[in-house]
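Chemist: Coordinates in start32.cif, mmCIF, C-alpha atoms, pLDDT in the B column; chains and numbers go by the auth columns, are listed below.
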```cif
data_model
loop_
_atom_site.group_PDB
_atom_site.id
_atom_site.type_symbol
_atom_site.label_atom_id
_atom_site.label_comp_id
_atom_site.label_asym_id
_atom_site.label_seq_id
_atom_site.Cartn_x
_atom_site.Cartn_y
_atom_site.Cartn_z
_atom_site.B_iso_or_equiv
_atom_site.auth_seq_id
_atom_site.auth_asym_id
ATOM 1 C CA MET A 1 0.000 0.000 0.000 71.00 1 N
ATOM 2 C CA GLY A 2 1.099 3.540 -0.594 76.00 2 N
ATOM 3 C CA GLY A 3 0.738 6.178 -3.250 82.00 3 N
ATOM 4 C CA PRO A 4 -0.716 9.683 -3.499 87.00 4 N
ATOM 5 C CA THR A 5 -4.431 9.040 -2.787 88.00 5 N
ATOM 6 C CA PRO A 6 -5.382 9.408 0.913 88.00 6 N
ATOM 7 C CA TYR A 7 -7.313 6.572 2.567 88.00 7 N
ATOM 8 C CA SER A 8 -6.856 4.177 -0.360 88.00 8 N
ATOM 9 C CA ASN A 9 -7.476 0.535 0.397 91.00 9 N
ATOM 10 C CA MET A 10 -6.781 -3.016 -0.666 91.00 10 N
ATOM 11 C CA LEU A 11 -9.666 -5.502 -0.592 91.00 11 N
ATOM 12 C CA TYR A 12 -9.243 -9.276 -0.560 94.00 12 N
ATOM 13 C CA PHE A 13 -12.481 -11.141 -1.260 91.00 13 N
ATOM 14 C CA ASN A 14 -12.959 -14.918 -1.234 93.00 14 N
ATOM 15 C CA PRO A 15 -16.279 -16.630 -2.009 92.00 15 N
ATOM 16 C CA VAL A 16 -16.110 -19.910 -0.091 91.00 16 N
ATOM 17 C CA ALA A 17 -19.527 -21.574 -0.270 85.00 17 N
ATOM 18 C CA GLY A 18 -23.248 -21.121 -0.742 79.00 18 N
ATOM 19 C CA GLY A 19 -26.540 -22.200 0.726 79.00 19 N
ATOM 20 C CA ASN A 20 -28.627 -21.480 3.749 84.00 20 N
ATOM 21 C CA ASN A 21 -27.947 -24.575 5.849 89.00 21 N
ATOM 22 C CA VAL A 22 -25.324 -22.796 7.971 92.00 22 N
ATOM 23 C CA SER A 23 -25.951 -19.827 10.204 94.00 23 N
ATOM 24 C CA HIS A 24 -23.073 -19.671 12.705 96.00 24 N
ATOM 25 C CA PHE A 25 -19.642 -18.486 11.575 96.00 25 N
ATOM 26 C CA SER A 26 -16.217 -18.215 13.129 96.00 26 N
ATOM 27 C CA TYR A 27 -13.596 -16.089 11.352 95.00 27 N
ATOM 28 C CA ASP A 28 -10.369 -17.457 12.837 97.00 28 N
ATOM 29 C CA LEU A 29 -6.976 -16.332 11.556 95.00 29 N
ATOM 30 C CA TYR A 30 -3.490 -15.161 12.384 97.00 30 N
ATOM 31 C CA PHE A 31 -2.053 -12.016 10.828 94.00 31 N
ATOM 32 C CA TYR A 32 0.762 -9.543 11.300 91.00 32 N
ATOM 33 C CA ILE A 33 1.450 -6.024 10.136 90.00 33 N
ATOM 34 C CA ASP A 34 4.859 -4.471 9.589 90.00 34 N
ATOM 35 C CA ASN A 35 3.864 -0.792 9.993 88.00 35 N
ATOM 36 C CA PRO A 36 0.886 -0.686 12.395 88.00 36 N
ATOM 37 C CA ASN A 37 0.800 3.106 12.696 86.00 37 N
ATOM 38 C CA ALA A 38 0.151 3.492 8.952 86.00 38 N
ATOM 39 C CA SER A 39 -3.239 1.762 9.021 87.00 39 N
ATOM 40 C CA GLN A 40 -6.450 3.709 9.220 90.00 40 N
ATOM 41 C CA THR A 41 -8.404 0.469 9.661 93.00 41 N
ATOM 42 C CA LEU A 42 -8.125 -3.283 9.263 94.00 42 N
ATOM 43 C CA GLU A 43 -11.433 -4.884 8.278 95.00 43 N
ATOM 44 C CA PHE A 44 -12.521 -8.529 8.607 96.00 44 N
ATOM 45 C CA ASP A 45 -15.949 -9.528 7.194 96.00 45 N
ATOM 46 C CA ILE A 46 -18.106 -12.607 6.754 95.00 46 N
ATOM 47 C CA ASN A 47 -21.118 -12.275 4.444 93.00 47 N
ATOM 48 C CA GLN A 48 -23.957 -14.654 3.619 94.00 48 N
ATOM 49 C CA THR A 49 -26.571 -14.140 0.917 92.00 49 N
ATOM 50 C CA VAL A 50 -29.688 -16.299 0.764 90.00 50 N
ATOM 51 C CA GLY A 51 -32.906 -15.729 -1.191 88.00 51 N
ATOM 52 C CA GLY A 52 -32.005 -12.167 -2.179 90.00 52 N
ATOM 53 C CA ASP A 53 -31.114 -11.048 1.363 92.00 53 N
ATOM 54 C CA ARG A 54 -27.604 -10.430 2.646 92.00 54 N
ATOM 55 C CA TRP A 55 -26.287 -10.745 6.182 94.00 55 N
ATOM 56 C CA VAL A 56 -23.139 -8.616 6.440 94.00 56 N
ATOM 57 C CA CYS A 57 -20.998 -9.413 9.465 95.00 57 N
ATOM 58 C CA GLY A 58 -18.467 -6.626 9.106 94.00 58 N
ATOM 59 C CA SER A 59 -15.917 -5.723 11.733 95.00 59 N
ATOM 60 C CA GLU A 60 -12.971 -3.378 11.719 95.00 60 N
ATOM 61 C CA PHE A 61 -10.249 -2.061 13.953 94.00 61 N
ATOM 62 C CA ASN A 62 -10.540 1.690 13.459 92.00 62 N
ATOM 63 C CA PHE A 63 -7.155 2.808 14.768 90.00 63 N
ATOM 64 C CA ASN A 64 -7.113 6.398 13.499 84.00 64 N
ATOM 65 C CA GLY A 65 -10.854 7.137 13.376 81.00 65 N
ATOM 66 C CA SER A 66 -13.079 6.134 16.267 83.00 66 N
ATOM 67 C CA GLY A 67 -10.211 4.370 18.043 89.00 67 N
ATOM 68 C CA ASN A 68 -12.581 1.474 18.668 90.00 68 N
ATOM 69 C CA SER A 69 -13.464 -1.879 17.258 93.00 69 N
ATOM 70 C CA ASP A 70 -16.406 -1.151 14.932 95.00 70 N
ATOM 71 C CA ILE A 71 -19.159 -3.408 13.584 95.00 71 N
ATOM 72 C CA TRP A 72 -21.342 -2.978 10.509 95.00 72 N
ATOM 73 C CA ASN A 73 -25.033 -2.064 10.565 94.00 73 N
ATOM 74 C CA ASP A 74 -26.623 -2.394 7.113 89.00 74 N
ATOM 75 C CA LEU A 75 -29.016 0.497 7.793 88.00 75 N
ATOM 76 C CA THR A 76 -26.629 3.066 9.269 92.00 76 N
ATOM 77 C CA GLY A 77 -23.066 1.961 8.465 93.00 77 N
ATOM 78 C CA TRP A 78 -20.192 1.522 10.923 93.00 78 N
ATOM 79 C CA ARG A 79 -21.099 1.515 14.621 93.00 79 N
ATOM 80 C CA SER A 80 -18.436 1.771 17.321 92.00 80 N
ATOM 81 C CA THR A 81 -18.351 -0.818 20.053 92.00 81 N
ATOM 82 C CA ILE A 82 -17.224 0.032 23.569 91.00 82 N
ATOM 83 C CA TYR A 83 -13.932 -1.784 22.964 91.00 83 N
ATOM 84 C CA ASP A 84 -10.994 0.457 22.176 88.00 84 N
ATOM 85 C CA CYS A 85 -8.229 -0.633 19.853 89.00 85 N
ATOM 86 C CA LYS A 86 -4.638 0.385 19.594 88.00 86 N
ATOM 87 C CA PRO A 87 -2.334 -0.396 16.680 90.00 87 N
ATOM 88 C CA PHE A 88 -1.055 -3.959 16.916 92.00 88 N
ATOM 89 C CA PRO A 89 2.631 -4.605 17.613 93.00 89 N
ATOM 90 C CA ALA A 90 4.817 -4.654 14.506 94.00 90 N
ATOM 91 C CA ASN A 91 5.935 -7.978 13.034 96.00 91 N
ATOM 92 C CA THR A 92 4.055 -10.026 15.619 96.00 92 N
ATOM 93 C CA TRP A 93 1.491 -12.703 14.811 97.00 93 N
ATOM 94 C CA ILE A 94 -1.942 -11.685 16.113 96.00 94 N
ATOM 95 C CA HIS A 95 -4.653 -14.314 16.603 97.00 95 N
ATOM 96 C CA LEU A 96 -8.141 -13.034 15.780 96.00 96 N
ATOM 97 C CA VAL A 97 -11.444 -14.880 16.201 97.00 97 N
ATOM 98 C CA ARG A 98 -14.784 -13.237 15.336 96.00 98 N
ATOM 99 C CA ASN A 99 -17.958 -15.225 16.149 97.00 99 N
ATOM 100 C CA VAL A 100 -21.182 -14.182 14.417 97.00 100 N
ATOM 101 C CA GLU A 101 -24.468 -15.756 13.383 96.00 101 N
ATOM 102 C CA ARG A 102 -27.501 -15.227 11.199 95.00 102 N
ATOM 103 C CA VAL A 103 -30.594 -15.142 13.397 95.00 103 N
ATOM 104 C CA GLY A 104 -33.828 -14.696 11.433 91.00 104 N
ATOM 105 C CA ASN A 105 -33.646 -11.272 9.800 93.00 105 N
ATOM 106 C CA ARG A 106 -30.694 -10.101 11.876 95.00 106 N
ATOM 107 C CA VAL A 107 -26.933 -10.434 12.222 96.00 107 N
ATOM 108 C CA HIS A 108 -25.775 -11.330 15.725 97.00 108 N
ATOM 109 C CA TYR A 109 -22.238 -10.234 16.596 97.00 109 N
ATOM 110 C CA ILE A 110 -21.396 -12.653 19.403 97.00 110 N
ATOM 111 C CA SER A 111 -17.777 -12.132 20.399 97.00 111 N
ATOM 112 C CA LEU A 112 -14.352 -10.948 19.354 95.00 112 N
ATOM 113 C CA THR A 113 -11.119 -12.544 20.554 95.00 113 N
ATOM 114 C CA VAL A 114 -7.778 -10.811 20.003 94.00 114 N
ATOM 115 C CA GLY A 115 -4.833 -12.757 21.353 93.00 115 N
ATOM 116 C CA ASP A 116 -5.943 -14.095 24.724 92.00 116 N
ATOM 117 C CA GLN A 117 -8.612 -11.420 25.339 93.00 117 N
ATOM 118 C CA THR A 118 -12.270 -12.179 24.497 95.00 118 N
ATOM 119 C CA TYR A 119 -14.855 -9.391 24.247 94.00 119 N
ATOM 120 C CA ASN A 120 -18.568 -10.133 24.515 95.00 120 N
ATOM 121 C CA VAL A 121 -20.042 -7.956 21.744 95.00 121 N
ATOM 122 C CA ASP A 122 -23.621 -9.363 21.794 97.00 122 N
ATOM 123 C CA SER A 123 -25.125 -6.888 19.299 96.00 123 N
ATOM 124 C CA TYR A 124 -27.868 -7.411 16.701 97.00 124 N
ATOM 125 C CA TYR A 125 -28.344 -5.535 13.421 96.00 125 N
ATOM 126 C CA PRO A 126 -30.757 -6.003 10.491 95.00 126 N
ATOM 127 C CA LYS A 127 -29.970 -7.816 7.247 93.00 127 N
ATOM 128 C CA GLN A 128 -29.551 -6.084 3.885 90.00 128 N
ATOM 129 C CA PRO A 129 -32.447 -6.712 1.467 87.00 129 N
ATOM 130 C CA ASP A 130 -32.328 -6.950 -2.334 86.00 130 N
ATOM 131 C CA TRP A 131 -28.954 -8.594 -2.966 85.00 131 N
ATOM 132 C CA ALA A 132 -28.444 -10.615 -6.143 83.00 132 N
ATOM 133 C CA LEU A 133 -25.630 -13.073 -5.366 81.00 133 N
ATOM 134 C CA GLU A 134 -26.069 -16.349 -3.496 87.00 134 N
ATOM 135 C CA GLU A 135 -22.911 -17.102 -1.542 90.00 135 N
ATOM 136 C CA ILE A 136 -20.924 -17.083 1.648 93.00 136 N
ATOM 137 C CA ASP A 137 -17.729 -15.055 1.471 93.00 137 N
ATOM 138 C CA VAL A 138 -14.932 -13.761 3.644 95.00 138 N
ATOM 139 C CA VAL A 139 -13.266 -10.390 3.205 95.00 139 N
ATOM 140 C CA PHE A 140 -10.116 -8.677 4.447 95.00 140 N
ATOM 141 C CA GLN A 141 -9.513 -4.999 3.744 94.00 141 N
ATOM 142 C CA MET A 142 -6.600 -2.715 4.627 91.00 142 N
ATOM 143 C CA ASP A 143 -7.351 1.019 4.655 91.00 143 N
ATOM 144 C CA GLY A 144 -4.465 3.460 4.402 87.00 144 N
ATOM 145 C CA ASP A 145 -4.178 6.632 6.447 87.00 145 N
ATOM 146 C CA TYR A 146 -4.564 10.227 5.232 88.00 146 N
ATOM 147 C CA LYS A 147 -0.895 10.361 4.145 88.00 147 N
ATOM 148 C CA GLN A 148 -1.185 6.896 2.561 86.00 148 N
ATOM 149 C CA ASP A 149 1.933 5.770 4.414 83.00 149 N
ATOM 150 C CA PRO A 150 3.241 2.464 3.020 79.00 150 N
#
```
Turn the structure described in the file into structure tokens.

Modeler:
Amino acid sequence: MGGPTPYSNMLYFNPVAGGNNVSHFSYDLYFYIDNPNASQTLEFDINQTVGGDRWVCGSEFNFNGSGNSDIWNDLTGWRSTIYDCKPFPANTWIHLVRNVERVGNRVHYISLTVGDQTYNVDSYYPKQPDWALEEIDVVFQMDGDYKQDP
């Protein structure tokens, strides 16, 4: 990442499955970052689309904006949680686990685990209507800062 355009991003999108027979998801990964102070946000999403409706389970670490861990509400956009976030240590593997589920017409953000700390998020938001694709996908997005530091 870098370049002249502030807040540019890189999006990694992976469709992994389809169908409506699953409703509970765990996004479990390890990652590291070499320049943690250059990130505006790091975003980790799980999405499921069934019958024209989409359940977006979006979460981000908003280091240089709200300073909190944020979750996605399809009606109003990003919503800050009560959990603050600081840039992660450089060149250190971070273990992240996000547990979410589709409950009727809502997304249920259950918990977030970072390293050995688990946060009980327990928040519900509505689904997104009128979506064409039928799939389950995972997303990772890096957002650069206002100077677009590499």

Chemist: Expand the PyMOL selection byres ((chain N and resi 49) around 7) into the explicit residue set it covers here, and present it as a CSV table (one decimal) with C-alpha atoms, keeping the file's coordinate frame.

Modeler:
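Contents of the output file part-v4.csv:
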```csv
chain,number,residue,atom,x,y,z
N,47,ASN,CA,-21.1,-12.3,4.4
N,48,GLN,CA,-24.0,-14.7,3.6
N,50,VAL,CA,-29.7,-16.3,0.8
N,51,GLY,CA,-32.9,-15.7,-1.2
N,52,GLY,CA,-32.0,-12.2,-2.2
N,53,ASP,CA,-31.1,-11.0,1.4
N,54,ARG,CA,-27.6,-10.4,2.6
N,55,TRP,CA,-26.3,-10.7,6.2
N,133,LEU,CA,-25.6,-13.1,-5.4
N,134,GLU,CA,-26.1,-16.3,-3.5
N,135,GLU,CA,-22.9,-17.1,-1.5
N,136,ILE,CA,-20.9,-17.1,1.6
```

Chemist: I'd like the interatomic distance between CA of Phe88 in chain N and CA of Tyr124 in chain N, to a tenth of an Å.

Modeler: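 If I compute the distance from CA of Phe88 in chain N to CA of Tyr124 in chain N, I get 27.0 Å.
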
Chemist: Dump as a Markdown table the rows for residues of range 59-106 of chain N within 9 Å of range 42-45 of chain N: closest atom pair and distance in Å with one decimal, all atoms listed in the file counted, ordered by chain and rising residue number.

Modeler:
```
| residue | atom | partner | partner_atom | distance |
| --- | --- | --- | --- | --- |
| N:Ser59 | CA | N:Phe44 | CA | 5.4 |
| N:Glu60 | CA | N:Glu43 | CA | 4.1 |
| N:Phe61 | CA | N:Leu42 | CA | 5.3 |
| N:Asn62 | CA | N:Leu42 | CA | 6.9 |
| N:Phe63 | CA | N:Leu42 | CA | 8.3 |
| N:Arg98 | CA | N:Phe44 | CA | 8.5 |
```

Chemist: Could you write out as a list of chain:residue names the residues that the PyMOL selection byres ((chain N and resi 109-111) around 10) matches in the shown file?

Modeler: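 The output of the PyMOL selection byres ((chain N and resi 109-111) around 10) on this file is N:His24, N:Phe25, N:Ser26, N:Cys57, N:Gly58, N:Ser59, N:Ile71, N:Trp72, N:Val97, N:Arg98, N:Asn99, N:Val100, N:Glu101, N:Arg102, N:Arg106, N:Val107, N:His108, N:Leu112, N:Thr113, N:Thr118, N:Tyr119, N:Asn120, N:Val121, N:Asp122, N:Ser123, N:Tyr124, N:Tyr125.
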
Chemist: Deliver the residues from the most recent selection as a file, using C-alpha atoms, as a CSV table (one decimal), in the frame of the given file.

Modeler:
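Below you can see again_32.csv, which holds the result:
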```
chain,number,residue,atom,x,y,z
N,24,HIS,CA,-23.1,-19.7,12.7
N,25,PHE,CA,-19.6,-18.5,11.6
N,26,SER,CA,-16.2,-18.2,13.1
N,57,CYS,CA,-21.0,-9.4,9.5
N,58,GLY,CA,-18.5,-6.6,9.1
N,59,SER,CA,-15.9,-5.7,11.7
N,71,ILE,CA,-19.2,-3.4,13.6
N,72,TRP,CA,-21.3,-3.0,10.5
N,97,VAL,CA,-11.4,-14.9,16.2
N,98,ARG,CA,-14.8,-13.2,15.3
N,99,ASN,CA,-18.0,-15.2,16.1
N,100,VAL,CA,-21.2,-14.2,14.4
N,101,GLU,CA,-24.5,-15.8,13.4
N,102,ARG,CA,-27.5,-15.2,11.2
N,106,ARG,CA,-30.7,-10.1,11.9
N,107,VAL,CA,-26.9,-10.4,12.2
N,108,HIS,CA,-25.8,-11.3,15.7
N,112,LEU,CA,-14.4,-10.9,19.4
N,113,THR,CA,-11.1,-12.5,20.6
N,118,THR,CA,-12.3,-12.2,24.5
N,119,TYR,CA,-14.9,-9.4,24.2
N,120,ASN,CA,-18.6,-10.1,24.5
N,121,VAL,CA,-20.0,-8.0,21.7
N,122,ASP,CA,-23.6,-9.4,21.8
N,123,SER,CA,-25.1,-6.9,19.3
N,124,TYR,CA,-27.9,-7.4,16.7
N,125,TYR,CA,-28.3,-5.5,13.4
```

Chemist: Need the neighbours of (-8.6, -0.7, -1.3): which residues are at most 12 Å away, counting all atoms listed in the file, as a ChimeraX atom specification?

Modeler: /N:1-3,5-13,39-43,139-145,148

Chemist: Please dump the current selection as a CSV table (one decimal), in the frame of the given file; keep C-alpha atoms.

Modeler:
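The result, written out as result-v8.csv:
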```csv
chain,number,residue,atom,x,y,z
N,1,MET,CA,0.0,0.0,0.0
N,2,GLY,CA,1.1,3.5,-0.6
N,3,GLY,CA,0.7,6.2,-3.2
N,5,THR,CA,-4.4,9.0,-2.8
N,6,PRO,CA,-5.4,9.4,0.9
N,7,TYR,CA,-7.3,6.6,2.6
N,8,SER,CA,-6.9,4.2,-0.4
N,9,ASN,CA,-7.5,0.5,0.4
N,10,MET,CA,-6.8,-3.0,-0.7
N,11,LEU,CA,-9.7,-5.5,-0.6
N,12,TYR,CA,-9.2,-9.3,-0.6
N,13,PHE,CA,-12.5,-11.1,-1.3
N,39,SER,CA,-3.2,1.8,9.0
N,40,GLN,CA,-6.4,3.7,9.2
N,41,THR,CA,-8.4,0.5,9.7
N,42,LEU,CA,-8.1,-3.3,9.3
N,43,GLU,CA,-11.4,-4.9,8.3
N,139,VAL,CA,-13.3,-10.4,3.2
N,140,PHE,CA,-10.1,-8.7,4.4
N,141,GLN,CA,-9.5,-5.0,3.7
N,142,MET,CA,-6.6,-2.7,4.6
N,143,ASP,CA,-7.4,1.0,4.7
N,144,GLY,CA,-4.5,3.5,4.4
N,145,ASP,CA,-4.2,6.6,6.4
N,148,GLN,CA,-1.2,6.9,2.6
```

Chemist: Please write as an mmCIF file with C-alpha atoms, in the frame of the given file the full residue list that the PyMOL selection byres ((chain N and resi 67) around 10) yields on this file.

Modeler:
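File produced: part_28.cif:
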```
data_model
loop_
_atom_site.group_PDB
_atom_site.id
_atom_site.type_symbol
_atom_site.label_atom_id
_atom_site.label_comp_id
_atom_site.auth_asym_id
_atom_site.auth_seq_id
_atom_site.Cartn_x
_atom_site.Cartn_y
_atom_site.Cartn_z
ATOM 1 C CA GLN N 40 -6.450 3.709 9.220
ATOM 2 C CA THR N 41 -8.404 0.469 9.661
ATOM 3 C CA PHE N 61 -10.249 -2.061 13.953
ATOM 4 C CA ASN N 62 -10.540 1.690 13.459
ATOM 5 C CA PHE N 63 -7.155 2.808 14.768
ATOM 6 C CA ASN N 64 -7.113 6.398 13.499
ATOM 7 C CA GLY N 65 -10.854 7.137 13.376
ATOM 8 C CA SER N 66 -13.079 6.134 16.267
ATOM 9 C CA ASN N 68 -12.581 1.474 18.668
ATOM 10 C CA SER N 69 -13.464 -1.879 17.258
ATOM 11 C CA ASP N 70 -16.406 -1.151 14.932
ATOM 12 C CA SER N 80 -18.436 1.771 17.321
ATOM 13 C CA THR N 81 -18.351 -0.818 20.053
ATOM 14 C CA ILE N 82 -17.224 0.032 23.569
ATOM 15 C CA TYR N 83 -13.932 -1.784 22.964
ATOM 16 C CA ASP N 84 -10.994 0.457 22.176
ATOM 17 C CA CYS N 85 -8.229 -0.633 19.853
ATOM 18 C CA LYS N 86 -4.638 0.385 19.594
ATOM 19 C CA PRO N 87 -2.334 -0.396 16.680
#
```

Chemist: Figure out the distance between CA of Asp116 in chain N and CA of Tyr32 in chain N, please, to one decimal in Å.

Modeler: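 Taking CA of Tyr32 in chain N and CA of Asp116 in chain N, their separation equals 15.7 Å.
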
Chemist: Can you tell me, as a list in words, what residues are no more than 7 Å from Gly115 in chain N when counting all atoms listed in the file, ignoring any on the same chain fewer than 2 positions away?

Modeler: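 Counting all atoms listed in the file, the residues come to Ile94, His95, Leu96, Thr113 and Gln117 of chain N.
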
Chemist: Report the distance between CA of Ala90 in chain N and CA of Asp28 in chain N in Å, rounded to one decimal place.

Modeler: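 Computing the Euclidean distance for CA of Ala90 in chain N and CA of Asp28 in chain N yields 19.9 Å.
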
Chemist: Hey, could you pull the box centre and edge lengths for range 89-94 of chain N, axis-aligned, 6 Å padding per side, all listed atoms, to one decimal in Å, as AutoDock Vina command-line options?

Modeler:
```
--center_x 2.0 --center_y -8.7 --center_z 15.3 --size_x 19.9 --size_y 20.1 --size_z 16.6
```

Chemist: Which residue, N:Gln128, N:Asn21, N:Asn35, N:Thr92, has the smallest gap to Asn73 in chain N when you use only C-alpha atoms?

Modeler: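 Among N:Gln128, N:Asn21, N:Asn35, N:Thr92, it is N:Gln128 that comes nearest to Asn73 in chain N.
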